[in-house]
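Data first, discussion second: the structure below is written as structure tokens.
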Amino acid sequence: MTSLLEAQDVSRVFGAGLLNKRRIVAVDGVSLIIDEEKPSITAIAGESGSGKTTLARLLLGVIQPSSGSILYKGCNLTTMDRRARKEFRRQVQAIFQDPYEAYNPVYKVDHVLTMPLRKFRLVHSRAEMHQRIEESLQMVGLRPEETLGRYPHQLSGGQRQRIMVARALLLNPRIILADEPVSMVDASLRATILESLVKLKRELGVSLIYITHDLTTAYQISQNIYILYRGSVAEVGSVEKVIKNPKHPYTRLLISSIPLPNPDIHWGGESEIETKASAPSTSLKEVRGCKFSNRCPYVMVECLHASPPLYLTDDNRAVACYLYKDSTQVSGREMAESLTLD
Amino acid sequence: MVGDRAQGRDTCVLDVRDLRVSYHTAAGLVRAVNGVSFSLRPGERLGLVGESGSGKTTTALSLMRLLPESATIEGGKVLLNSVDLLQLSEEEMRQARFADISLIPQGAMNSLNPLMKVGEQLRDTIRAHQNRVNSKANYAKIDTRIQEVLESVELRAGVMDSYPHELSGGMKQRVCIAMAILLNPKVIIADEPTSALDVVVQRQVMETLRRVQEALGASVILVGHDMGLMAQFVDRVGVMYGGKLVEVGPVRGIFKDPLHPYTKLLIKSLPNLQTKEDFRGIPGLTPSLLAPPPGCMFHPRCPQAMPHCSVDVPVFKEIIAPDRWAACHLYDEGQT
């Protein structure tokens with residue numbers, strides 16, 4: 001295994017400044033590895049406030065970790081030179097959650113498509129540029145004649161989102177980091193966009209980091225999944241194991257809350273978890289011990305004292321929960337490494 | 001009419017007939033809702049699903065007569081207990097909103113006034129429908145009612161003194177539900193009420209909505225594109241495409257045995273948790289409403305299209321079983 005992109009025990013703390021004394025640990029000791037040789041799709045899933053977008057920004061080098069490091073081809077993002085950084089910026093492309101923020105409202109949308117091609121000198125003529133742009137727009141289901149020449153505010157959220165996918169495709173990246181790329185598009189189109197992302201992996205060998213709150217699509221397209229809860233990994237492993245047979249009480253709550261498109265499967269089968277866990281956790285106050293302990297129906301004394309380490313409950317899956325303390329402990333890094341192996 | 005009885009028109013609370021709404025845009029006339037008819041039974045939960053641009057939100061907003069200025073209702077009837085809402089004066093319609101038919105708007109949590117305490121906004125809703133003097137006794141009565149309703153949506157009475165930004169998304173959504181049921185309406189329209197919420201909170205909010213709706217005996221129209229939510233929440237589903245209803249039927253029938261090719265593909269496009277990579281997008285694009293295709297709106301994308309599909313507009317009619325409606329030439333006489 002050679003790592004292409006790697007997060008080593010990364011944490012990020014916000015606040016704690018002179019004026020704002022409240023510390024918010026947005027990402028708390030997360031390790032993750034994207035393998036260089038074998039293209040993969042890794043899902044990072046969690047609710048709002050789980051730190052998934054902060055983790056994405058750390059992986060892109062947009063913000064610096066408070067501790068730990070992010071490595072691209074073995075080089076630390078914070079210390080790499082300009083040339084390596086430019087290379088990193090072409091090879092690691094992002095598709096963000098809110099496609100409106102990615103646009104400059106005074107430029108036509110063509111700008112976001114032509115600029116990267118020019119900047120990285122990927123085309124040699126105007127005709128070639130137009131052809132590439134039209135192809136990539138069609139790949140995400142847009143009619144070029146209805147999209148080009150417009151301003152961002154003239155397009156719907158779904159259209160803007162798809163243009164960002166098209167833009168990422170233009171650059172032939174090694175990794176695409178997609179933060180909720182389909183949260184604003186319709187079901188039929190969602191499938192089309194996800195298919196095109198899977199195709200990129202299969203045909204062009206692009207690895208994907210898929211950040212989402214939607215466990216169904218995560219299950220469908222990815223091999224491995226990290227379930228985040230308030231910045232920490234609650235459960236990590238192969239999607240088959242984590243989604244089909246979740247072990248962490250939080251993962252179980254999440255999965256039982258998914259409204260399945262089948263009227264015969266009743267919503268929220270796991271009712272034991274319902275009563276206690278339904279207390280909304282909006283307070284960002286730090287909880288001592290396990291962060292889920294105040295919502296957890298299985299809470300034990302030890303949960304209140306120290307946050308649980310990862311326990312390797314079975315092959316290719318680890319759970320940060322004292323319910324599984326009889327299993328072997330494993331570090332986040334060891335777990336990330338073992339997931340790249342099979 | 002036979003069709004009237006079959007769609008339950010003799011016992012319905014809300015009866016929408018041949019509704020037509022257009023938007024006047026710089027590029028031309030957009031027929032966003034093009035002849036939509038459906039009915040809503042007492043206590044029933046009806047889902048209106050469709051992709052963006054299918055006309056579902058425009059339909060919902062025209063029932064409330066809350067369309068933007070660029071839109072015109074070109075025709076049709078919206079009969080609420082036999083009164084045509086489209087014929088009411090502005091003042092009569094204002095009185096009907098919330099009292100008879102209420103709306104939980106899209107992104108409802110952002111529809112609260114950020115400068116007003118929640119309690120004040122709820123009081124306003126009641127006062128706007130009362131001509132009574134502002135006596136102390138009346139104020140106390142209003143507050144009792146508000147507390148009752150807040151309790152029914154599982155909020156503490158304390159939220160009355162909160163500003164919207166002090167509440168979480170799920171709590172704001174509950175306030176919007178409280179507002180919608182405050183005056184005991186017969187019909188509640190919920191337009192993607194939980195699209196901004198996390199799954200866990202979404203389920204709790206939808207359960208609350210279901211409970212208060214059942215307690216009230218009101219009917220609900222749930223507008224959205226989340227088929228999962230539809231499967232879990234509604235009794236009947238209406239599928240919209242290009243400004244028309246293409247299929248209406250009981251929720252189990254729609255999911256088990258969809259009739260219209262669009263519904264079939266829509267259901268195939270849904271990812272599940274049972275089998276991997278078992279979902280397919282629908283090829284092609286949603287029709288441009290500026291230049292809609294002739295004949296059946298879906299024919300350019302339809303895998304079962306026949307030559308006359310691009311010429312004749314299919315009739316929306318009862319097919320195969322009672323209560324199952326679809327507009328598709330596959331079910332014409334003489335087709336197999």
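Ordering of the structure tokens sets the chain letters (A, B, ...), residue numbers begin anew at 1 in every chain, and ligands are numbered from 1 in the order given.
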
* Asked: Any idea which chain B residues end up within 9 Å of chain A if we count only C-alpha atoms, as a ChimeraX atom specification please?
  -> /B:50-52,167-168,170,197-204,225-233,251-252,255-256,265-285

Output the selection as a PDB file, in the first residue's frame - C-alpha atoms for each residue.
```
ATOM      1  CA  GLY B  50     -42.016  14.963  -8.874  1.00  0.00           C
ATOM      2  CA  GLU B  51     -38.663  16.282  -9.937  1.00  0.00           C
ATOM      3  CA  SER B  52     -37.834  19.964  -9.898  1.00  0.00           C
ATOM      4  CA  LEU B 167     -33.999  27.243  18.360  1.00  0.00           C
ATOM      5  CA  SER B 168     -32.596  24.266  16.481  1.00  0.00           C
ATOM      6  CA  GLY B 170     -36.055  20.670  14.226  1.00  0.00           C
ATOM      7  CA  LEU B 197     -33.112  18.386   8.593  1.00  0.00           C
ATOM      8  CA  ASP B 198     -30.939  15.433   9.570  1.00  0.00           C
ATOM      9  CA  VAL B 199     -32.488  11.997   9.253  1.00  0.00           C
ATOM     10  CA  VAL B 200     -32.991  11.419  12.944  1.00  0.00           C
ATOM     11  CA  VAL B 201     -34.712  14.778  13.419  1.00  0.00           C
ATOM     12  CA  GLN B 202     -36.614  14.311  10.163  1.00  0.00           C
ATOM     13  CA  ARG B 203     -38.200  11.147  11.449  1.00  0.00           C
ATOM     14  CA  GLN B 204     -39.171  12.766  14.734  1.00  0.00           C
ATOM     15  CA  HIS B 225     -39.184  14.525  -4.171  1.00  0.00           C
ATOM     16  CA  ASP B 226     -38.109  12.086  -1.451  1.00  0.00           C
ATOM     17  CA  MET B 227     -39.791   8.806  -2.374  1.00  0.00           C
ATOM     18  CA  GLY B 228     -38.600   7.278   0.888  1.00  0.00           C
ATOM     19  CA  LEU B 229     -40.501   9.864   2.871  1.00  0.00           C
ATOM     20  CA  MET B 230     -43.565   9.242   0.702  1.00  0.00           C
ATOM     21  CA  ALA B 231     -43.405   5.500   1.267  1.00  0.00           C
ATOM     22  CA  GLN B 232     -43.263   6.016   4.998  1.00  0.00           C
ATOM     23  CA  PHE B 233     -45.808   8.786   5.376  1.00  0.00           C
ATOM     24  CA  VAL B 251     -48.853   3.991  -1.866  1.00  0.00           C
ATOM     25  CA  ARG B 252     -48.342   0.198  -1.878  1.00  0.00           C
ATOM     26  CA  PHE B 255     -44.240   1.100  -5.119  1.00  0.00           C
ATOM     27  CA  LYS B 256     -45.017  -2.564  -5.838  1.00  0.00           C
ATOM     28  CA  LEU B 265     -38.080   4.358 -13.720  1.00  0.00           C
ATOM     29  CA  LEU B 266     -38.403   6.735 -10.787  1.00  0.00           C
ATOM     30  CA  ILE B 267     -38.691   3.807  -8.401  1.00  0.00           C
ATOM     31  CA  LYS B 268     -35.743   2.043 -10.036  1.00  0.00           C
ATOM     32  CA  SER B 269     -33.667   5.185  -9.511  1.00  0.00           C
ATOM     33  CA  LEU B 270     -33.973   4.920  -5.736  1.00  0.00           C
ATOM     34  CA  PRO B 271     -30.989   3.520  -3.890  1.00  0.00           C
ATOM     35  CA  ASN B 272     -31.866   0.961  -1.222  1.00  0.00           C
ATOM     36  CA  LEU B 273     -30.059  -0.754   1.603  1.00  0.00           C
ATOM     37  CA  GLN B 274     -30.565  -4.301   0.383  1.00  0.00           C
ATOM     38  CA  THR B 275     -28.665  -4.700  -2.840  1.00  0.00           C
ATOM     39  CA  LYS B 276     -25.654  -2.736  -3.982  1.00  0.00           C
ATOM     40  CA  GLU B 277     -25.432  -0.717  -7.183  1.00  0.00           C
ATOM     41  CA  ASP B 278     -29.013  -1.567  -7.870  1.00  0.00           C
ATOM     42  CA  PHE B 279     -30.275   1.797  -8.995  1.00  0.00           C
ATOM     43  CA  ARG B 280     -30.343   3.523 -12.353  1.00  0.00           C
ATOM     44  CA  GLY B 281     -30.828   7.113 -13.308  1.00  0.00           C
ATOM     45  CA  ILE B 282     -33.520   8.008 -15.819  1.00  0.00           C
ATOM     46  CA  PRO B 283     -31.802   8.791 -19.113  1.00  0.00           C
ATOM     47  CA  GLY B 284     -32.541  12.129 -20.707  1.00  0.00           C
ATOM     48  CA  LEU B 285     -33.609  15.412 -19.210  1.00  0.00           C
TER      49      LEU B 285
END
```

* Asked: Tell me, which residues of segment 19-243 of chain A carry DSSP strand (DSSP E), written as a count of residues only?
  -> 54

* Which neighbours of Ala26 of chain A fall inside 8 Å, counting only C-alpha atoms, when residues of the same chain fewer than 5 positions from it are skipped, and could you give them as JSON, numbers by chain? -> {"A": [11, 12, 13, 14, 49, 50, 51, 54, 230, 231]}

Any chance you could export the current selection's N, CA and C atoms as a PDB file, in the first residue's frame?
```
ATOM      1  N   SER A  11      -6.837  16.728  14.092  1.00  0.00           N
ATOM      2  CA  SER A  11      -7.862  17.408  14.882  1.00  0.00           C
ATOM      3  C   SER A  11      -7.925  18.866  14.456  1.00  0.00           C
ATOM      4  N   ARG A  12      -9.083  19.451  14.629  1.00  0.00           N
ATOM      5  CA  ARG A  12      -9.208  20.868  14.369  1.00  0.00           C
ATOM      6  C   ARG A  12     -10.126  21.474  15.430  1.00  0.00           C
ATOM      7  N   VAL A  13      -9.601  22.498  16.085  1.00  0.00           N
ATOM      8  CA  VAL A  13     -10.363  23.160  17.140  1.00  0.00           C
ATOM      9  C   VAL A  13     -10.704  24.565  16.686  1.00  0.00           C
ATOM     10  N   PHE A  14     -11.939  24.967  16.836  1.00  0.00           N
ATOM     11  CA  PHE A  14     -12.332  26.338  16.532  1.00  0.00           C
ATOM     12  C   PHE A  14     -12.578  27.087  17.824  1.00  0.00           C
ATOM     13  N   GLY A  49     -23.013  19.050  11.963  1.00  0.00           N
ATOM     14  CA  GLY A  49     -22.285  19.187  13.211  1.00  0.00           C
ATOM     15  C   GLY A  49     -21.377  18.013  13.514  1.00  0.00           C
ATOM     16  N   SER A  50     -21.307  17.048  12.593  1.00  0.00           N
ATOM     17  CA  SER A  50     -20.447  15.898  12.847  1.00  0.00           C
ATOM     18  C   SER A  50     -18.994  16.192  12.480  1.00  0.00           C
ATOM     19  N   GLY A  51     -18.763  17.301  11.796  1.00  0.00           N
ATOM     20  CA  GLY A  51     -17.402  17.658  11.427  1.00  0.00           C
ATOM     21  C   GLY A  51     -17.001  17.166  10.054  1.00  0.00           C
ATOM     22  N   THR A  54     -15.701  20.057   7.863  1.00  0.00           N
ATOM     23  CA  THR A  54     -14.399  20.509   8.361  1.00  0.00           C
ATOM     24  C   THR A  54     -13.310  19.525   7.949  1.00  0.00           C
ATOM     25  N   ARG A 230     -19.939  14.163  16.112  1.00  0.00           N
ATOM     26  CA  ARG A 230     -19.294  15.308  16.750  1.00  0.00           C
ATOM     27  C   ARG A 230     -17.776  15.264  16.623  1.00  0.00           C
ATOM     28  N   GLY A 231     -17.307  15.019  15.420  1.00  0.00           N
ATOM     29  CA  GLY A 231     -15.884  15.123  15.138  1.00  0.00           C
ATOM     30  C   GLY A 231     -15.087  13.849  15.309  1.00  0.00           C
TER      31      GLY A 231
END
```

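Reported to one decimal place, the separation of atom CA of Ile101 of chain B from atom CA of Tyr241 of chain B is 24.8 Å.
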
What's around Ala306 of chain A at 7 Å? Count only C-alpha atoms, leave out sequence neighbours fewer than 2 positions away in its own chain, and write the answer as an mmCIF file with N, CA, C and O atoms, in the first residue's frame.
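Output file result-v3.cif is given in full below:
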```cif
data_model
loop_
_atom_site.group_PDB
_atom_site.id
_atom_site.type_symbol
_atom_site.label_atom_id
_atom_site.label_comp_id
_atom_site.auth_asym_id
_atom_site.auth_seq_id
_atom_site.Cartn_x
_atom_site.Cartn_y
_atom_site.Cartn_z
ATOM 1 N N ARG A 288 -18.089 15.029 28.627
ATOM 2 C CA ARG A 288 -16.948 14.222 29.071
ATOM 3 C C ARG A 288 -17.176 12.776 28.675
ATOM 4 O O ARG A 288 -18.308 12.300 28.640
ATOM 5 N N GLY A 289 -16.102 12.091 28.390
ATOM 6 C CA GLY A 289 -16.246 10.688 28.019
ATOM 7 C C GLY A 289 -16.772 10.561 26.603
ATOM 8 O O GLY A 289 -16.476 11.382 25.741
ATOM 9 N N CYS A 290 -17.564 9.525 26.366
ATOM 10 C CA CYS A 290 -18.110 9.286 25.032
ATOM 11 C C CYS A 290 -19.075 10.402 24.676
ATOM 12 O O CYS A 290 -19.952 10.761 25.460
ATOM 13 N N GLU A 302 -18.485 3.709 32.719
ATOM 14 C CA GLU A 302 -17.199 4.037 32.101
ATOM 15 C C GLU A 302 -17.344 5.000 30.917
ATOM 16 O O GLU A 302 -16.421 5.723 30.582
ATOM 17 N N CYS A 303 -18.523 5.007 30.298
ATOM 18 C CA CYS A 303 -18.745 5.882 29.145
ATOM 19 C C CYS A 303 -18.618 7.353 29.538
ATOM 20 O O CYS A 303 -18.345 8.207 28.703
ATOM 21 N N LEU A 304 -18.872 7.647 30.813
ATOM 22 C CA LEU A 304 -18.883 9.042 31.245
ATOM 23 C C LEU A 304 -17.494 9.552 31.600
ATOM 24 O O LEU A 304 -17.309 10.735 31.842
ATOM 25 N N PRO A 308 -14.229 6.396 24.332
ATOM 26 C CA PRO A 308 -13.829 5.029 24.005
ATOM 27 C C PRO A 308 -12.860 4.975 22.826
ATOM 28 O O PRO A 308 -12.983 5.764 21.892
#
```

* Asked: What is the distance, in Å and to one decimal place, between atom CA of Arg324 of chain B and atom CA of Asn34 of chain B?
  ->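 Between atom CA of Arg324 of chain B and atom CA of Asn34 of chain B the gap is 20.4 Å.
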
* Name the residues in contact with Val123 of chain A at a cut-off of 10 Å, using only C-alpha atoms, excluding same-chain residues fewer than 6 positions from it; report them as a list in words. =>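 The neighbour list is Thr114, Leu117, Met129, His130 and Arg132 of chain A.
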
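Residues lying within 12 Å of Gln95 of chain B, counting only C-alpha atoms and ignoring same-chain neighbours fewer than 3 positions away, are Met64, Leu85, Leu88, Ser89, Glu90, Glu91, Glu92, Phe98, Ala99, Asp100, Ile101, Ser102, Thr125, Ile126, Arg127, Ala128, His129, Gln130, Asn131, Leu183 and Pro185 of chain B.
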
Based on the selection just made, write N, CA, C and O atoms of those residues as a CSV table (one decimal), in the first residue's frame.
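Wrote it out as result37.csv, contents follow:
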```
chain,number,residue,atom,x,y,z
B,64,MET,N,-53.1,27.5,-2.1
B,64,MET,CA,-53.1,28.5,-1.0
B,64,MET,C,-53.3,29.9,-1.6
B,64,MET,O,-53.4,30.9,-0.9
B,85,LEU,N,-61.9,28.1,-3.9
B,85,LEU,CA,-61.0,29.0,-3.3
B,85,LEU,C,-60.5,30.1,-4.4
B,85,LEU,O,-60.2,31.2,-4.0
B,88,LEU,N,-62.7,33.2,-4.4
B,88,LEU,CA,-62.8,34.1,-3.2
B,88,LEU,C,-62.1,35.4,-3.4
B,88,LEU,O,-61.2,35.6,-4.1
B,89,SER,N,-62.6,36.5,-2.6
B,89,SER,CA,-61.9,37.7,-2.7
B,89,SER,C,-60.6,37.6,-1.8
B,89,SER,O,-60.5,36.6,-1.1
B,90,GLU,N,-59.7,38.6,-2.0
B,90,GLU,CA,-58.5,38.5,-1.3
B,90,GLU,C,-58.7,38.4,0.2
B,90,GLU,O,-58.0,37.6,0.9
B,91,GLU,N,-59.7,39.1,0.7
B,91,GLU,CA,-59.9,39.1,2.2
B,91,GLU,C,-60.5,37.8,2.6
B,91,GLU,O,-60.1,37.2,3.6
B,92,GLU,N,-61.4,37.2,1.8
B,92,GLU,CA,-62.0,35.9,2.2
B,92,GLU,C,-60.9,34.9,2.1
B,92,GLU,O,-60.8,34.0,3.0
B,98,PHE,N,-54.8,29.2,6.9
B,98,PHE,CA,-54.6,28.8,8.3
B,98,PHE,C,-55.9,28.3,8.9
B,98,PHE,O,-55.9,27.3,9.6
B,99,ALA,N,-57.0,29.0,8.7
B,99,ALA,CA,-58.3,28.5,9.3
B,99,ALA,C,-58.8,27.3,8.6
B,99,ALA,O,-59.3,26.3,9.3
B,100,ASP,N,-58.8,27.2,7.3
B,100,ASP,CA,-59.3,26.1,6.6
B,100,ASP,C,-58.2,25.3,5.9
B,100,ASP,O,-58.3,24.1,5.8
B,101,ILE,N,-57.2,26.0,5.4
B,101,ILE,CA,-56.2,25.3,4.6
B,101,ILE,C,-54.8,26.0,5.0
B,101,ILE,O,-54.8,27.2,5.0
B,102,SER,N,-53.9,25.2,5.4
B,102,SER,CA,-52.6,25.9,5.9
B,102,SER,C,-51.4,25.3,5.2
B,102,SER,O,-51.5,24.2,4.7
B,125,THR,N,-50.9,35.0,14.3
B,125,THR,CA,-51.7,34.1,13.4
B,125,THR,C,-53.1,34.0,13.9
B,125,THR,O,-54.1,34.0,13.1
B,126,ILE,N,-53.3,33.9,15.2
B,126,ILE,CA,-54.7,33.8,15.7
B,126,ILE,C,-55.4,35.1,15.6
B,126,ILE,O,-56.5,35.2,15.1
B,127,ARG,N,-54.7,36.2,16.0
B,127,ARG,CA,-55.4,37.5,16.0
B,127,ARG,C,-55.8,37.9,14.6
B,127,ARG,O,-56.8,38.6,14.4
B,128,ALA,N,-55.0,37.6,13.6
B,128,ALA,CA,-55.4,37.9,12.2
B,128,ALA,C,-56.7,37.3,11.8
B,128,ALA,O,-57.3,37.7,10.8
B,129,HIS,N,-57.2,36.3,12.5
B,129,HIS,CA,-58.4,35.7,12.2
B,129,HIS,C,-59.5,36.0,13.2
B,129,HIS,O,-60.5,35.3,13.2
B,130,GLN,N,-59.3,37.0,14.0
B,130,GLN,CA,-60.3,37.3,15.0
B,130,GLN,C,-60.7,38.8,14.9
B,130,GLN,O,-59.8,39.6,14.6
B,131,ASN,N,-62.0,39.1,15.1
B,131,ASN,CA,-62.4,40.5,15.1
B,131,ASN,C,-62.7,40.9,16.5
B,131,ASN,O,-63.2,42.0,16.7
B,183,LEU,N,-55.2,26.8,14.0
B,183,LEU,CA,-56.6,27.2,13.8
B,183,LEU,C,-57.5,26.0,13.3
B,183,LEU,O,-58.5,26.2,12.7
B,185,PRO,N,-57.2,23.6,10.8
B,185,PRO,CA,-57.5,23.6,9.4
B,185,PRO,C,-57.9,22.2,9.0
B,185,PRO,O,-57.6,21.2,9.7
```

* Leaving out Gly242 of chain B and any residue of its chain fewer than 6 positions from it, which residues lie within 8 Å of it when counting only C-alpha atoms, given as a VMD selection string? -> chain B and resid 32 to 33 53 to 55 286 to 287 289 297

* Structure fact -> Judged by only C-alpha atoms, the minimum distance to Leu150 of chain B among B:Lys56, B:His165, B:Arg94, B:Lys172 is found for B:Lys172

* **In segment 87-200 of chain A, DSSP alpha helix (DSSP H) residues written as a PyMOL selection string** => chain A and resi 87-91+110-119+126-139+144-147+157-170+187-200

Okay, now the selection with C-alpha atoms, as an mmCIF file, in the first residue's frame?
```
data_model
loop_
_atom_site.group_PDB
_atom_site.id
_atom_site.type_symbol
_atom_site.label_atom_id
_atom_site.label_comp_id
_atom_site.auth_asym_id
_atom_site.auth_seq_id
_atom_site.Cartn_x
_atom_site.Cartn_y
_atom_site.Cartn_z
ATOM 1 C CA GLU A 87 -0.014 19.774 -8.687
ATOM 2 C CA PHE A 88 -2.046 18.899 -5.579
ATOM 3 C CA ARG A 89 -4.665 21.457 -6.575
ATOM 4 C CA ARG A 90 -5.148 19.912 -9.971
ATOM 5 C CA GLN A 91 -5.101 16.325 -8.824
ATOM 6 C CA ASP A 110 -18.727 29.526 -18.353
ATOM 7 C CA HIS A 111 -16.030 31.142 -16.257
ATOM 8 C CA VAL A 112 -15.795 28.302 -13.730
ATOM 9 C CA LEU A 113 -15.368 25.866 -16.604
ATOM 10 C CA THR A 114 -12.896 27.733 -18.790
ATOM 11 C CA MET A 115 -10.685 29.035 -16.012
ATOM 12 C CA PRO A 116 -9.308 25.736 -14.737
ATOM 13 C CA LEU A 117 -8.669 24.553 -18.301
ATOM 14 C CA ARG A 118 -6.693 27.723 -19.010
ATOM 15 C CA LYS A 119 -4.967 27.837 -15.665
ATOM 16 C CA ARG A 126 -10.795 27.429 -28.258
ATOM 17 C CA ALA A 127 -12.594 24.708 -30.199
ATOM 18 C CA GLU A 128 -11.049 21.990 -28.063
ATOM 19 C CA MET A 129 -12.031 23.881 -24.942
ATOM 20 C CA HIS A 130 -15.643 24.132 -26.059
ATOM 21 C CA GLN A 131 -15.754 20.496 -26.973
ATOM 22 C CA ARG A 132 -14.375 19.412 -23.605
ATOM 23 C CA ILE A 133 -16.813 21.650 -21.770
ATOM 24 C CA GLU A 134 -19.809 20.441 -23.741
ATOM 25 C CA GLU A 135 -18.855 16.811 -23.218
ATOM 26 C CA SER A 136 -18.492 17.204 -19.491
ATOM 27 C CA LEU A 137 -21.794 19.081 -19.221
ATOM 28 C CA GLN A 138 -23.575 16.321 -21.082
ATOM 29 C CA MET A 139 -21.989 13.747 -18.800
ATOM 30 C CA PRO A 144 -24.874 23.026 -22.978
ATOM 31 C CA GLU A 145 -27.055 25.498 -24.875
ATOM 32 C CA GLU A 146 -29.255 26.009 -21.816
ATOM 33 C CA THR A 147 -26.388 26.347 -19.400
ATOM 34 C CA GLY A 157 -29.431 24.652 -7.345
ATOM 35 C CA GLY A 158 -29.332 21.286 -9.043
ATOM 36 C CA GLN A 159 -27.935 22.779 -12.236
ATOM 37 C CA ARG A 160 -25.243 24.687 -10.365
ATOM 38 C CA GLN A 161 -24.345 21.511 -8.497
ATOM 39 C CA ARG A 162 -23.977 19.570 -11.726
ATOM 40 C CA ILE A 163 -21.773 22.255 -13.249
ATOM 41 C CA MET A 164 -19.416 21.799 -10.316
ATOM 42 C CA VAL A 165 -19.294 18.061 -11.005
ATOM 43 C CA ALA A 166 -18.623 18.811 -14.671
ATOM 44 C CA ARG A 167 -15.853 21.191 -13.667
ATOM 45 C CA ALA A 168 -14.174 18.559 -11.509
ATOM 46 C CA LEU A 169 -14.328 16.105 -14.409
ATOM 47 C CA LEU A 170 -12.580 18.552 -16.756
ATOM 48 C CA ALA A 187 -33.772 11.248 -7.382
ATOM 49 C CA SER A 188 -33.500 10.299 -11.052
ATOM 50 C CA LEU A 189 -30.641 12.692 -11.576
ATOM 51 C CA ARG A 190 -28.981 11.788 -8.298
ATOM 52 C CA ALA A 191 -28.568 8.273 -9.604
ATOM 53 C CA THR A 192 -27.150 9.610 -12.877
ATOM 54 C CA ILE A 193 -24.554 11.789 -11.140
ATOM 55 C CA LEU A 194 -23.555 9.056 -8.708
ATOM 56 C CA GLU A 195 -23.237 6.622 -11.596
ATOM 57 C CA SER A 196 -20.918 9.021 -13.383
ATOM 58 C CA LEU A 197 -18.793 9.273 -10.239
ATOM 59 C CA VAL A 198 -18.627 5.483 -9.962
ATOM 60 C CA LYS A 199 -17.719 5.340 -13.654
ATOM 61 C CA LEU A 200 -14.837 7.736 -13.047
#
```
